[in-house]
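Undergrad: Structure supplied as structure-v1.cif; contents: mmCIF, C-alpha atoms.
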data_entry
#
loop_
_atom_site.label_atom_id
_atom_site.label_comp_id
_atom_site.auth_asym_id
_atom_site.auth_seq_id
_atom_site.Cartn_x
_atom_site.Cartn_y
_atom_site.Cartn_z
CA MET A 1 23.94 -28.09 -24.75
CA SER A 2 26.33 -25.26 -24.10
CA THR A 3 28.53 -25.38 -21.04
CA GLY A 4 29.79 -21.84 -21.59
CA ALA A 5 28.81 -18.72 -19.77
CA VAL A 6 26.73 -17.35 -22.60
CA PRO A 7 23.16 -18.60 -22.51
CA THR A 8 22.03 -20.31 -25.71
CA THR A 9 18.41 -19.39 -25.25
CA ALA A 10 17.12 -15.92 -25.81
CA PRO A 11 16.58 -14.00 -22.58
CA THR A 12 12.93 -13.54 -21.75
CA ALA A 13 13.54 -10.13 -20.21
CA ALA A 14 13.37 -7.14 -22.54
CA PRO A 15 15.12 -3.92 -21.59
CA THR A 16 13.23 -2.05 -18.91
CA VAL A 17 12.24 0.74 -21.23
CA GLY A 18 8.63 1.56 -20.88
CA VAL A 19 6.08 4.27 -20.53
CA ILE A 20 4.64 3.62 -17.08
CA PRO A 21 6.88 3.86 -14.01
CA PRO A 22 6.42 0.73 -11.83
CA ASP A 23 5.11 2.68 -8.84
CA ALA A 24 2.65 4.49 -11.11
CA LEU A 25 1.26 1.15 -12.30
CA LEU A 26 0.67 0.04 -8.71
CA ALA A 27 -0.94 3.41 -7.89
CA HIS A 28 -3.11 3.06 -11.00
CA TRP A 29 -4.21 -0.42 -9.91
CA GLN A 30 -4.90 0.56 -6.30
CA GLY A 31 -6.88 3.58 -7.52
CA HIS A 32 -9.12 1.27 -9.54
CA ARG A 33 -9.41 -1.03 -6.53
CA ARG A 34 -10.56 1.85 -4.33
CA LEU A 35 -13.31 2.60 -6.85
CA THR A 36 -14.32 -1.07 -7.08
CA ARG A 37 -14.50 -1.20 -3.28
CA ARG A 38 -17.02 1.66 -3.39
CA VAL A 39 -19.06 -0.25 -5.97
CA ILE A 40 -19.13 -3.32 -3.68
CA GLU A 41 -20.23 -1.07 -0.80
CA ALA A 42 -22.99 0.48 -2.94
CA PHE A 43 -24.81 -2.84 -3.37
CA PRO A 44 -27.56 -3.61 -0.89
CA GLU A 45 -26.56 -6.61 1.25
CA ASP A 46 -29.39 -8.75 -0.12
CA GLN A 47 -28.57 -7.98 -3.78
CA LEU A 48 -24.78 -8.41 -3.83
CA PHE A 49 -24.89 -12.14 -4.58
CA ALA A 50 -28.44 -12.20 -5.95
CA PHE A 51 -29.10 -9.45 -8.48
CA SER A 52 -27.88 -9.42 -12.05
CA VAL A 53 -28.84 -8.29 -15.54
CA GLY A 54 -29.49 -10.66 -18.44
CA GLY A 55 -28.47 -13.80 -16.56
CA MET A 56 -24.92 -12.62 -15.86
CA ARG A 57 -23.13 -13.40 -12.60
CA PRO A 58 -24.06 -11.25 -9.59
CA PHE A 59 -21.54 -8.56 -8.63
CA GLY A 60 -20.51 -10.37 -5.44
CA VAL A 61 -19.34 -13.32 -7.56
CA LEU A 62 -17.43 -10.93 -9.85
CA ALA A 63 -15.85 -9.21 -6.82
CA MET A 64 -14.75 -12.60 -5.49
CA GLU A 65 -13.28 -13.38 -8.93
CA MET A 66 -11.23 -10.19 -8.59
CA VAL A 67 -10.10 -11.25 -5.11
CA THR A 68 -8.97 -14.62 -6.46
CA MET A 69 -7.10 -13.00 -9.35
CA GLY A 70 -5.32 -9.88 -8.07
CA ALA A 71 -3.11 -10.74 -5.11
CA PRO A 72 -2.67 -14.37 -6.29
CA MET A 73 -1.35 -13.07 -9.65
CA LEU A 74 1.16 -10.76 -8.01
CA ARG A 75 2.10 -13.44 -5.45
CA GLY A 76 2.85 -15.78 -8.34
CA LEU A 77 4.99 -13.19 -10.11
CA VAL A 78 6.99 -12.56 -6.94
CA THR A 79 7.28 -16.08 -5.53
CA GLY A 80 6.77 -18.32 -8.57
CA GLU A 81 4.02 -20.12 -6.67
CA TRP A 82 0.68 -20.05 -8.42
CA ALA A 83 -2.07 -20.84 -5.96
CA THR A 84 -5.50 -19.38 -5.54
CA SER A 85 -8.84 -20.30 -4.11
CA ALA A 86 -11.62 -20.65 -6.64
CA SER A 87 -14.30 -20.05 -4.02
CA ARG A 88 -16.67 -17.34 -5.12
CA GLU A 89 -19.54 -18.40 -2.89
CA ALA A 90 -21.98 -15.92 -1.42
CA ARG A 91 -20.87 -14.33 1.85
CA PRO A 92 -21.72 -11.17 3.80
CA LYS A 93 -20.63 -7.91 2.19
CA SER A 94 -18.44 -7.20 5.23
CA GLU A 95 -16.52 -10.42 4.52
CA VAL A 96 -15.97 -9.48 0.84
CA LEU A 97 -14.69 -6.07 1.96
CA ARG A 98 -12.42 -7.66 4.57
CA LEU A 99 -10.84 -9.89 1.91
CA TRP A 100 -10.60 -6.86 -0.40
CA ASP A 101 -8.73 -4.84 2.23
CA GLU A 102 -6.37 -7.71 3.01
CA ALA A 103 -5.51 -7.88 -0.69
CA THR A 104 -4.86 -4.12 -0.76
CA VAL A 105 -2.19 -4.47 1.93
CA GLU A 106 -0.75 -7.61 0.32
CA LEU A 107 -0.47 -5.98 -3.12
CA ASP A 108 1.51 -3.06 -1.67
CA ALA A 109 3.86 -5.44 0.15
CA LEU A 110 4.34 -7.77 -2.84
CA TRP A 111 4.98 -4.87 -5.23
CA ARG A 112 7.94 -3.75 -3.10
CA GLN A 113 9.46 -7.20 -3.65
CA LEU A 114 8.99 -7.13 -7.43
CA PRO A 115 11.96 -5.86 -9.44
CA ALA A 116 10.91 -3.75 -12.43
CA GLU A 117 12.85 -6.17 -14.69
CA ARG A 118 10.60 -9.00 -13.56
CA LEU A 119 7.61 -7.23 -15.08
CA HIS A 120 9.23 -7.52 -18.50
CA GLU A 121 9.80 -11.26 -18.28
CA THR A 122 7.49 -13.63 -20.07
CA THR A 123 5.81 -15.84 -17.51
CA THR A 124 3.18 -18.57 -17.40
CA ALA A 125 0.62 -17.64 -14.77
CA PHE A 126 -1.40 -20.32 -12.98
CA GLY A 127 0.00 -22.89 -15.41
CA GLN A 128 -2.18 -21.47 -18.18
CA TRP A 129 -1.51 -17.92 -19.39
CA THR A 130 1.84 -17.11 -20.96
CA ALA A 131 2.61 -13.43 -21.49
CA PRO A 132 4.96 -10.67 -20.40
CA ALA A 133 4.31 -10.08 -16.71
CA TYR A 134 3.15 -6.50 -17.34
CA ASP A 135 0.48 -7.91 -19.65
CA LEU A 136 -0.66 -10.33 -16.95
CA VAL A 137 -0.99 -7.41 -14.50
CA LEU A 138 -2.85 -5.32 -17.09
CA TYR A 139 -5.20 -8.23 -17.72
CA VAL A 140 -6.13 -8.39 -14.03
CA ILE A 141 -6.75 -4.63 -13.93
CA ASP A 142 -8.74 -4.69 -17.18
CA ASN A 143 -10.84 -7.62 -15.98
CA GLU A 144 -11.69 -5.63 -12.85
CA ILE A 145 -12.67 -2.52 -14.89
CA HIS A 146 -14.73 -4.68 -17.27
CA HIS A 147 -16.72 -6.42 -14.56
CA ARG A 148 -17.08 -3.20 -12.57
CA GLY A 149 -18.67 -1.67 -15.68
CA GLN A 150 -21.23 -4.47 -15.49
CA GLY A 151 -21.64 -3.62 -11.81
CA TYR A 152 -22.48 -0.03 -12.74
CA ALA A 153 -25.27 -1.33 -14.98
CA TYR A 154 -26.56 -3.55 -12.14
CA LEU A 155 -26.60 -0.60 -9.71
CA ARG A 156 -28.44 1.63 -12.19
CA ALA A 157 -30.95 -1.14 -12.83
CA LEU A 158 -31.47 -1.24 -9.04
CA GLY A 159 -32.07 2.52 -9.03
CA ILE A 160 -28.75 3.22 -7.24
CA GLU A 161 -26.32 5.88 -8.46
CA PRO A 162 -22.84 4.38 -8.80
CA PRO A 163 -19.73 6.24 -7.55
CA PRO A 164 -18.10 8.54 -10.14
CA PHE A 165 -15.78 6.66 -12.49
CA TYR A 166 -13.09 9.34 -12.55
CA ASP A 167 -12.66 9.51 -8.76
CA ARG A 168 -9.94 7.10 -7.63
CA SER A 169 -9.22 8.73 -4.27
CA MET B 1 13.26 35.62 -14.01
CA SER B 2 16.37 33.73 -14.98
CA THR B 3 18.08 34.56 -18.22
CA GLY B 4 20.55 31.68 -17.91
CA ALA B 5 20.56 28.41 -19.78
CA VAL B 6 19.35 26.37 -16.81
CA PRO B 7 15.57 26.28 -16.56
CA THR B 8 14.21 27.52 -13.26
CA THR B 9 11.15 25.29 -13.35
CA ALA B 10 11.32 21.59 -12.63
CA PRO B 11 11.29 19.43 -15.75
CA THR B 12 7.99 17.69 -16.32
CA ALA B 13 9.59 14.65 -17.92
CA ALA B 14 10.56 11.81 -15.63
CA PRO B 15 13.17 9.27 -16.74
CA THR B 16 11.77 6.84 -19.27
CA VAL B 17 11.94 3.90 -16.92
CA GLY B 18 8.76 1.94 -17.01
CA VAL B 19 7.15 -1.44 -17.20
CA ILE B 20 5.26 -1.32 -20.48
CA PRO B 21 7.18 -0.86 -23.75
CA PRO B 22 5.57 1.92 -25.84
CA ASP B 23 4.68 -0.41 -28.71
CA ALA B 24 3.10 -2.86 -26.26
CA LEU B 25 0.87 -0.11 -24.90
CA LEU B 26 -0.36 0.71 -28.41
CA ALA B 27 -0.90 -3.00 -29.13
CA HIS B 28 -2.78 -3.32 -25.85
CA TRP B 29 -5.00 -0.36 -26.77
CA GLN B 30 -5.67 -1.56 -30.32
CA GLY B 31 -6.49 -5.03 -28.97
CA HIS B 32 -9.15 -3.51 -26.73
CA ARG B 33 -10.41 -1.44 -29.66
CA ARG B 34 -10.80 -4.59 -31.81
CA LEU B 35 -12.92 -6.10 -29.04
CA THR B 36 -15.01 -2.93 -28.68
CA ARG B 37 -15.56 -2.93 -32.44
CA ARG B 38 -17.05 -6.41 -32.16
CA VAL B 39 -19.35 -5.20 -29.37
CA ILE B 40 -20.57 -2.35 -31.61
CA GLU B 41 -21.17 -4.88 -34.39
CA ALA B 42 -23.10 -7.17 -32.05
CA PHE B 43 -25.82 -4.58 -31.40
CA PRO B 44 -28.89 -4.74 -33.63
CA GLU B 45 -29.08 -1.61 -35.80
CA ASP B 46 -32.29 -0.43 -34.15
CA GLN B 47 -30.95 -0.86 -30.60
CA LEU B 48 -27.50 0.73 -30.88
CA PHE B 49 -28.69 4.25 -30.07
CA ALA B 50 -31.95 3.23 -28.38
CA PHE B 51 -31.49 0.44 -25.83
CA SER B 52 -30.00 0.86 -22.39
CA VAL B 53 -30.25 -0.48 -18.84
CA GLY B 54 -31.34 1.61 -15.88
CA GLY B 55 -31.53 4.89 -17.78
CA MET B 56 -27.86 4.87 -18.81
CA ARG B 57 -26.70 6.11 -22.20
CA PRO B 58 -27.19 3.73 -25.16
CA PHE B 59 -24.05 1.95 -26.38
CA GLY B 60 -23.92 3.94 -29.62
CA VAL B 61 -23.53 7.15 -27.58
CA LEU B 62 -20.80 5.51 -25.50
CA ALA B 63 -19.04 4.32 -28.68
CA MET B 64 -19.17 7.86 -30.07
CA GLU B 65 -17.72 9.12 -26.77
CA MET B 66 -14.82 6.70 -27.33
CA VAL B 67 -14.38 8.03 -30.89
CA THR B 68 -14.24 11.60 -29.58
CA MET B 69 -11.70 10.68 -26.89
CA GLY B 70 -9.16 8.26 -28.37
CA ALA B 71 -7.62 9.72 -31.51
CA PRO B 72 -8.21 13.33 -30.32
CA MET B 73 -6.28 12.57 -27.13
CA LEU B 74 -3.33 11.11 -29.01
CA ARG B 75 -3.50 13.90 -31.62
CA GLY B 76 -3.26 16.41 -28.77
CA LEU B 77 -0.26 14.65 -27.23
CA VAL B 78 1.54 14.61 -30.59
CA THR B 79 0.58 18.04 -31.96
CA GLY B 80 -0.33 20.05 -28.86
CA GLU B 81 -3.66 20.86 -30.47
CA TRP B 82 -6.65 19.79 -28.44
CA ALA B 83 -9.70 19.65 -30.62
CA THR B 84 -12.53 17.18 -30.76
CA SER B 85 -16.10 16.98 -31.86
CA ALA B 86 -18.62 16.48 -29.09
CA SER B 87 -21.19 15.04 -31.47
CA ARG B 88 -22.48 11.75 -30.18
CA GLU B 89 -25.72 11.83 -32.12
CA ALA B 90 -27.39 8.70 -33.42
CA ARG B 91 -26.17 7.50 -36.80
CA PRO B 92 -26.16 4.20 -38.71
CA LYS B 93 -23.95 1.47 -37.26
CA SER B 94 -21.94 1.43 -40.49
CA GLU B 95 -21.06 5.09 -39.90
CA VAL B 96 -19.92 4.42 -36.31
CA LEU B 97 -17.75 1.56 -37.59
CA ARG B 98 -16.32 3.74 -40.35
CA LEU B 99 -15.29 6.39 -37.81
CA TRP B 100 -13.91 3.63 -35.59
CA ASP B 101 -11.75 2.25 -38.39
CA GLU B 102 -10.49 5.70 -39.35
CA ALA B 103 -9.39 6.19 -35.73
CA THR B 104 -7.59 2.83 -35.79
CA VAL B 105 -5.41 3.94 -38.70
CA GLU B 106 -4.88 7.40 -37.19
CA LEU B 107 -3.82 5.99 -33.80
CA ASP B 108 -1.16 3.82 -35.46
CA ALA B 109 0.16 6.79 -37.45
CA LEU B 110 0.16 9.18 -34.48
CA TRP B 111 1.88 6.67 -32.21
CA ARG B 112 4.83 6.50 -34.60
CA GLN B 113 5.25 10.26 -34.15
CA LEU B 114 5.16 10.09 -30.35
CA PRO B 115 8.56 9.87 -28.64
CA ALA B 116 8.49 7.58 -25.57
CA GLU B 117 9.76 10.49 -23.47
CA ARG B 118 6.64 12.46 -24.36
CA LEU B 119 4.50 9.88 -22.59
CA HIS B 120 6.25 10.73 -19.31
CA GLU B 121 5.60 14.43 -19.55
CA THR B 122 2.83 16.00 -17.54
CA THR B 123 0.32 17.53 -19.91
CA THR B 124 -3.02 19.31 -19.72
CA ALA B 125 -5.38 17.59 -22.14
CA PHE B 126 -8.29 19.47 -23.70
CA GLY B 127 -7.55 22.40 -21.37
CA GLN B 128 -8.92 20.40 -18.45
CA TRP B 129 -7.07 17.29 -17.36
CA THR B 130 -3.50 17.56 -16.10
CA ALA B 131 -1.59 14.31 -15.67
CA PRO B 132 1.41 12.42 -17.02
CA ALA B 133 0.63 11.58 -20.63
CA TYR B 134 0.73 7.82 -19.95
CA ASP B 135 -2.04 8.37 -17.39
CA LEU B 136 -4.11 10.26 -19.95
CA VAL B 137 -3.72 7.35 -22.39
CA LEU B 138 -4.59 4.82 -19.68
CA TYR B 139 -7.67 6.88 -18.80
CA VAL B 140 -8.93 6.69 -22.38
CA ILE B 141 -8.36 2.91 -22.48
CA ASP B 142 -9.97 2.39 -19.06
CA ASN B 143 -12.97 4.51 -20.03
CA GLU B 144 -13.43 2.31 -23.09
CA ILE B 145 -13.21 -0.92 -21.02
CA HIS B 146 -15.62 0.52 -18.44
CA HIS B 147 -18.30 1.51 -20.93
CA ARG B 148 -17.81 -1.68 -22.94
CA GLY B 149 -18.54 -3.58 -19.70
CA GLN B 150 -21.86 -1.73 -19.62
CA GLY B 151 -22.33 -2.72 -23.25
CA TYR B 152 -21.91 -6.39 -22.33
CA ALA B 153 -24.75 -5.98 -19.83
CA TYR B 154 -26.92 -4.32 -22.50
CA LEU B 155 -26.25 -7.16 -24.97
CA ARG B 156 -27.07 -9.82 -22.37
CA ALA B 157 -30.26 -7.97 -21.46
CA LEU B 158 -31.11 -8.07 -25.18
CA GLY B 159 -30.50 -11.83 -25.20
CA ILE B 160 -27.33 -11.50 -27.30
CA GLU B 161 -24.09 -13.26 -26.33
CA PRO B 162 -21.22 -10.72 -26.28
CA PRO B 163 -17.83 -11.57 -27.83
CA PRO B 164 -15.33 -13.19 -25.43
CA PHE B 165 -13.51 -10.65 -23.26
CA TYR B 166 -10.11 -12.36 -23.49
CA ASP B 167 -10.01 -12.43 -27.31
CA ARG B 168 -8.27 -9.32 -28.64
CA SER B 169 -7.39 -10.70 -32.08
#
Output the file's structure in the form of structure tokens.

TA:
Amino acid sequence: MSTGAVPTTAPTAAPTVGVIPPDALLAHWQGHRRLTRRVIEAFPEDQLFAFSVGGMRPFGVLAMEMVTMGAPMLRGLVTGEWATSASREARPKSEVLRLWDEATVELDALWRQLPAERLHETTTAFGQWTAPAYDLVLYVIDNEIHHRGQGYAYLRALGIEPPPFYDRS
Amino acid sequence: MSTGAVPTTAPTAAPTVGVIPPDALLAHWQGHRRLTRRVIEAFPEDQLFAFSVGGMRPFGVLAMEMVTMGAPMLRGLVTGEWATSASREARPKSEVLRLWDEATVELDALWRQLPAERLHETTTAFGQWTAPAYDLVLYVIDNEIHHRGQGYAYLRALGIEPPPFYDRS
């Protein structure tokens, strides 16, 4: 074991050279979250936790999965504490949207506390997933897009036109 | 009009500070493309361009949309030439996969010709979409994830288990 000033293990942080400015990644994420919020809103109250296609999970359950992944992931990256609730039980749409909006505010606040260098560090999230932090954030975003794509199919099967994919306003 | 050496318009390139290393973004994209390839493969030949849910486009059409977006987008960013075929007509699955695999090789080759700085420049793609180049690339990836999510719903509705979302090998 070295007692010198030079660390003997390789640093986990790569240089902060990259193609997406940190604020742009947050804006990208929040844009997707605004679209997902509109998809939640588009479901009839009585179908949100009931309807699905081909035996998949209803969209309310998928939305609650997103709630239990997004802010908890970023909280873990900022604080090093990895805690989340696994509860994805049925609840009124207004309650899902309330939790969604709380997460929106929390993500903005947490992002301001996250140094760009931190996003390059390899981290183990929730004691299970080891990857560069930017990959962990991308996974959360991708998971949301993936399940929202399912949600589009559910809405169409219900005869409801989903919000346009390209509009992130 | 200035005749001096200092440009009078603001530069479109921001500093190359960002959270995702260029090679990681390509790896991320190709990982998603490997998964999408498995989804194409999972469709029965006679359902690829026929089956859908709720009147949406069949997955073969969506896969062809991906083919006409991915490599053409990157080709445009590298060469400044924005050309693509709009043909999304039905064809054998083997032909879709052949086009897919050609694009895989082309994306790798084009990426090597793309300076990281280029990804920060604001560009108008296909004469229509103006955004920083990294946003244009993210849009293509997100569009693929979105439509693949629909494809998962189609497969489930057909009684077929889709490949696992987290496996990008």

Undergrad: Within 10 Å of chain A, which residues belong to chain B? Use all atoms listed in the file and report them as a PyMOL selection string.

TA: chain B and resi 14-25+28+32+52-56+116-120+132-135+138-139+141-161+165-166

Undergrad: Superimpose chain B on chain A so that the squared distances between all in-order C-alpha pairs are minimised, and send the result as a tab-separated table (two decimals) with C-alpha atoms, keeping the file's coordinate frame.

TA:
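File written: result18.tsv
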chain	number	residue	atom	x	y	z
B	1	MET	CA	23.36	-28.73	-24.84
B	2	SER	CA	25.78	-25.93	-24.11
B	3	THR	CA	27.94	-26.14	-21.04
B	4	GLY	CA	29.33	-22.63	-21.52
B	5	ALA	CA	28.46	-19.50	-19.59
B	6	VAL	CA	26.40	-17.99	-22.41
B	7	PRO	CA	22.79	-19.11	-22.33
B	8	THR	CA	21.61	-20.76	-25.52
B	9	THR	CA	18.02	-19.62	-25.12
B	10	ALA	CA	16.93	-16.07	-25.79
B	11	PRO	CA	16.49	-14.00	-22.64
B	12	THR	CA	12.87	-13.40	-21.75
B	13	ALA	CA	13.55	-9.99	-20.24
B	14	ALA	CA	13.36	-7.01	-22.56
B	15	PRO	CA	15.11	-3.76	-21.63
B	16	THR	CA	13.23	-1.88	-18.94
B	17	VAL	CA	12.25	0.94	-21.25
B	18	GLY	CA	8.63	1.78	-20.84
B	19	VAL	CA	6.05	4.47	-20.45
B	20	ILE	CA	4.59	3.78	-17.02
B	21	PRO	CA	6.84	4.00	-13.94
B	22	PRO	CA	6.39	0.87	-11.77
B	23	ASP	CA	5.06	2.82	-8.79
B	24	ALA	CA	2.57	4.61	-11.05
B	25	LEU	CA	1.23	1.28	-12.26
B	26	LEU	CA	0.64	0.15	-8.68
B	27	ALA	CA	-0.99	3.50	-7.84
B	28	HIS	CA	-3.16	3.17	-10.94
B	29	TRP	CA	-4.23	-0.34	-9.89
B	30	GLN	CA	-4.93	0.62	-6.27
B	31	GLY	CA	-6.93	3.63	-7.48
B	32	HIS	CA	-9.15	1.32	-9.51
B	33	ARG	CA	-9.42	-1.01	-6.52
B	34	ARG	CA	-10.61	1.87	-4.29
B	35	LEU	CA	-13.33	2.59	-6.83
B	36	THR	CA	-14.33	-1.08	-7.07
B	37	ARG	CA	-14.51	-1.22	-3.28
B	38	ARG	CA	-17.05	1.60	-3.36
B	39	VAL	CA	-19.08	-0.31	-5.96
B	40	ILE	CA	-19.13	-3.38	-3.68
B	41	GLU	CA	-20.26	-1.14	-0.81
B	42	ALA	CA	-23.02	0.39	-2.93
B	43	PHE	CA	-24.81	-2.94	-3.39
B	44	PRO	CA	-27.56	-3.75	-0.90
B	45	GLU	CA	-26.55	-6.75	1.22
B	46	ASP	CA	-29.35	-8.91	-0.17
B	47	GLN	CA	-28.54	-8.12	-3.81
B	48	LEU	CA	-24.75	-8.52	-3.86
B	49	PHE	CA	-24.82	-12.24	-4.63
B	50	ALA	CA	-28.37	-12.33	-6.01
B	51	PHE	CA	-29.05	-9.57	-8.54
B	52	SER	CA	-27.81	-9.53	-12.10
B	53	VAL	CA	-28.79	-8.37	-15.59
B	54	GLY	CA	-29.41	-10.73	-18.48
B	55	GLY	CA	-28.38	-13.88	-16.63
B	56	MET	CA	-24.83	-12.68	-15.93
B	57	ARG	CA	-23.04	-13.45	-12.67
B	58	PRO	CA	-24.00	-11.32	-9.64
B	59	PHE	CA	-21.50	-8.62	-8.66
B	60	GLY	CA	-20.46	-10.43	-5.48
B	61	VAL	CA	-19.24	-13.37	-7.61
B	62	LEU	CA	-17.37	-10.96	-9.89
B	63	ALA	CA	-15.81	-9.24	-6.85
B	64	MET	CA	-14.68	-12.62	-5.52
B	65	GLU	CA	-13.20	-13.38	-8.96
B	66	MET	CA	-11.19	-10.16	-8.61
B	67	VAL	CA	-10.04	-11.24	-5.12
B	68	THR	CA	-8.88	-14.59	-6.50
B	69	MET	CA	-7.02	-12.94	-9.39
B	70	GLY	CA	-5.26	-9.82	-8.09
B	71	ALA	CA	-3.07	-10.68	-5.12
B	72	PRO	CA	-2.57	-14.30	-6.32
B	73	MET	CA	-1.28	-12.99	-9.65
B	74	LEU	CA	1.21	-10.65	-8.01
B	75	ARG	CA	2.17	-13.32	-5.45
B	76	GLY	CA	2.94	-15.65	-8.35
B	77	LEU	CA	5.08	-13.04	-10.11
B	78	VAL	CA	7.06	-12.39	-6.92
B	79	THR	CA	7.37	-15.94	-5.54
B	80	GLY	CA	6.88	-18.16	-8.58
B	81	GLU	CA	4.14	-19.98	-6.71
B	82	TRP	CA	0.79	-19.94	-8.45
B	83	ALA	CA	-1.94	-20.76	-6.01
B	84	THR	CA	-5.38	-19.32	-5.58
B	85	SER	CA	-8.72	-20.26	-4.17
B	86	ALA	CA	-11.50	-20.62	-6.70
B	87	SER	CA	-14.18	-20.05	-4.08
B	88	ARG	CA	-16.56	-17.36	-5.19
B	89	GLU	CA	-19.42	-18.45	-2.98
B	90	ALA	CA	-21.88	-16.01	-1.49
B	91	ARG	CA	-20.81	-14.44	1.80
B	92	PRO	CA	-21.69	-11.30	3.76
B	93	LYS	CA	-20.60	-8.02	2.17
B	94	SER	CA	-18.43	-7.30	5.22
B	95	GLU	CA	-16.49	-10.50	4.49
B	96	VAL	CA	-15.94	-9.53	0.82
B	97	LEU	CA	-14.69	-6.12	1.96
B	98	ARG	CA	-12.40	-7.70	4.55
B	99	LEU	CA	-10.81	-9.91	1.88
B	100	TRP	CA	-10.58	-6.87	-0.40
B	101	ASP	CA	-8.74	-4.85	2.23
B	102	GLU	CA	-6.37	-7.70	3.01
B	103	ALA	CA	-5.49	-7.85	-0.70
B	104	THR	CA	-4.86	-4.09	-0.74
B	105	VAL	CA	-2.19	-4.42	1.95
B	106	GLU	CA	-0.72	-7.54	0.34
B	107	LEU	CA	-0.47	-5.90	-3.10
B	108	ASP	CA	1.50	-2.98	-1.64
B	109	ALA	CA	3.86	-5.35	0.17
B	110	LEU	CA	4.37	-7.65	-2.83
B	111	TRP	CA	4.99	-4.74	-5.19
B	112	ARG	CA	7.93	-3.62	-3.07
B	113	GLN	CA	9.48	-7.05	-3.62
B	114	LEU	CA	9.01	-6.96	-7.39
B	115	PRO	CA	12.00	-5.68	-9.39
B	116	ALA	CA	10.93	-3.56	-12.40
B	117	GLU	CA	12.87	-5.94	-14.65
B	118	ARG	CA	10.64	-8.79	-13.53
B	119	LEU	CA	7.64	-7.05	-15.06
B	120	HIS	CA	9.27	-7.33	-18.50
B	121	GLU	CA	9.86	-11.04	-18.27
B	122	THR	CA	7.57	-13.43	-20.06
B	123	THR	CA	5.90	-15.66	-17.51
B	124	THR	CA	3.30	-18.42	-17.44
B	125	ALA	CA	0.74	-17.52	-14.79
B	126	PHE	CA	-1.27	-20.21	-13.02
B	127	GLY	CA	0.15	-22.77	-15.46
B	128	GLN	CA	-2.03	-21.35	-18.21
B	129	TRP	CA	-1.38	-17.82	-19.40
B	130	THR	CA	1.97	-16.95	-20.97
B	131	ALA	CA	2.69	-13.26	-21.51
B	132	PRO	CA	5.04	-10.50	-20.39
B	133	ALA	CA	4.35	-9.92	-16.71
B	134	TYR	CA	3.19	-6.33	-17.33
B	135	ASP	CA	0.53	-7.76	-19.65
B	136	LEU	CA	-0.60	-10.19	-16.95
B	137	VAL	CA	-0.94	-7.28	-14.50
B	138	LEU	CA	-2.81	-5.19	-17.08
B	139	TYR	CA	-5.14	-8.13	-17.73
B	140	VAL	CA	-6.07	-8.32	-14.05
B	141	ILE	CA	-6.73	-4.55	-13.93
B	142	ASP	CA	-8.72	-4.61	-17.19
B	143	ASN	CA	-10.79	-7.57	-16.00
B	144	GLU	CA	-11.65	-5.60	-12.87
B	145	ILE	CA	-12.66	-2.49	-14.89
B	146	HIS	CA	-14.70	-4.65	-17.28
B	147	HIS	CA	-16.70	-6.42	-14.58
B	148	ARG	CA	-17.07	-3.22	-12.57
B	149	GLY	CA	-18.65	-1.69	-15.69
B	150	GLN	CA	-21.20	-4.50	-15.52
B	151	GLY	CA	-21.64	-3.68	-11.85
B	152	TYR	CA	-22.50	-0.07	-12.73
B	153	ALA	CA	-25.27	-1.40	-14.98
B	154	TYR	CA	-26.55	-3.63	-12.16
B	155	LEU	CA	-26.61	-0.70	-9.71
B	156	ARG	CA	-28.46	1.53	-12.18
B	157	ALA	CA	-30.96	-1.25	-12.84
B	158	LEU	CA	-31.47	-1.39	-9.06
B	159	GLY	CA	-32.09	2.37	-9.03
B	160	ILE	CA	-28.81	3.09	-7.22
B	161	GLU	CA	-26.40	5.78	-8.43
B	162	PRO	CA	-22.88	4.29	-8.78
B	163	PRO	CA	-19.82	6.20	-7.51
B	164	PRO	CA	-18.19	8.50	-10.09
B	165	PHE	CA	-15.85	6.66	-12.46
B	166	TYR	CA	-13.17	9.37	-12.49
B	167	ASP	CA	-12.76	9.50	-8.69
B	168	ARG	CA	-10.01	7.13	-7.58
B	169	SER	CA	-9.32	8.75	-4.20

Undergrad: Evaluate the PyMOL selection byres ((chain A and resi 34) around 10) and record the selected residues as a PyMOL selection string, following the chain and residue labels used in the document.

TA: chain A and resi 29-33+35-39+100-101+104+167-169

Undergrad: Can you give me, as a PyMOL selection string, the residues this file yields under the PyMOL selection byres ((chain A and resi 64) around 8)?

TA: chain A and resi 60-63+65-68+87-89+96

Undergrad: I'd like the interatomic distance between CA of Arg57 (chain B) and CA of Asp108 (chain B), to a tenth of an Å.

TA: 28.9 Å

Undergrad: What is the distance, in Å and to one decimal place, between CA of Lys93 (chain B) and CA of Phe51 (chain B)?

TA: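 Interatomic distance, CA of Lys93 (chain B) to CA of Phe51 (chain B): 13.7 Å.
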
Undergrad: Would you compute the distance between CA of Trp129 (chain A) and CA of Ser85 (chain A)? Give it in Å to one decimal.

TA: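 Between CA of Trp129 (chain A) and CA of Ser85 (chain A) the gap works out to 17.1 Å.
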
Undergrad: Determine the nearest neighbour of Leu107 (chain A) from the options A:Leu48, A:Ala42, A:Val78, A:Leu136, counting only C-alpha atoms.

TA: A:Val78

Undergrad: Name the residues that the PyMOL selection byres ((chain B and resi 79) around 12) pulls out of this structure, and write them as a PyMOL selection string.

TA: chain B and resi 71-78+80-83+110-111+113-115+118+125

Undergrad: Using the file's own x, y and z axes, what box holds all listed atoms of region 110-123 of chain B with 3 Å on each side, keeping edges along x, y and z, and what are its centre and edge lengths in Å to one decimal, as JSON?

TA:
{"center_x": 5.0, "center_y": 12.0, "center_z": -26.1, "size_x": 15.6, "size_y": 17.0, "size_z": 23.1}

Undergrad: Using only C-alpha atoms for the distances, tell me which of A:Thr123, A:Gly70, A:Val140, A:Ile40 is nearest to Glu106 (chain A).

TA: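 Closest to Glu106 (chain A) of all the choices is A:Gly70.
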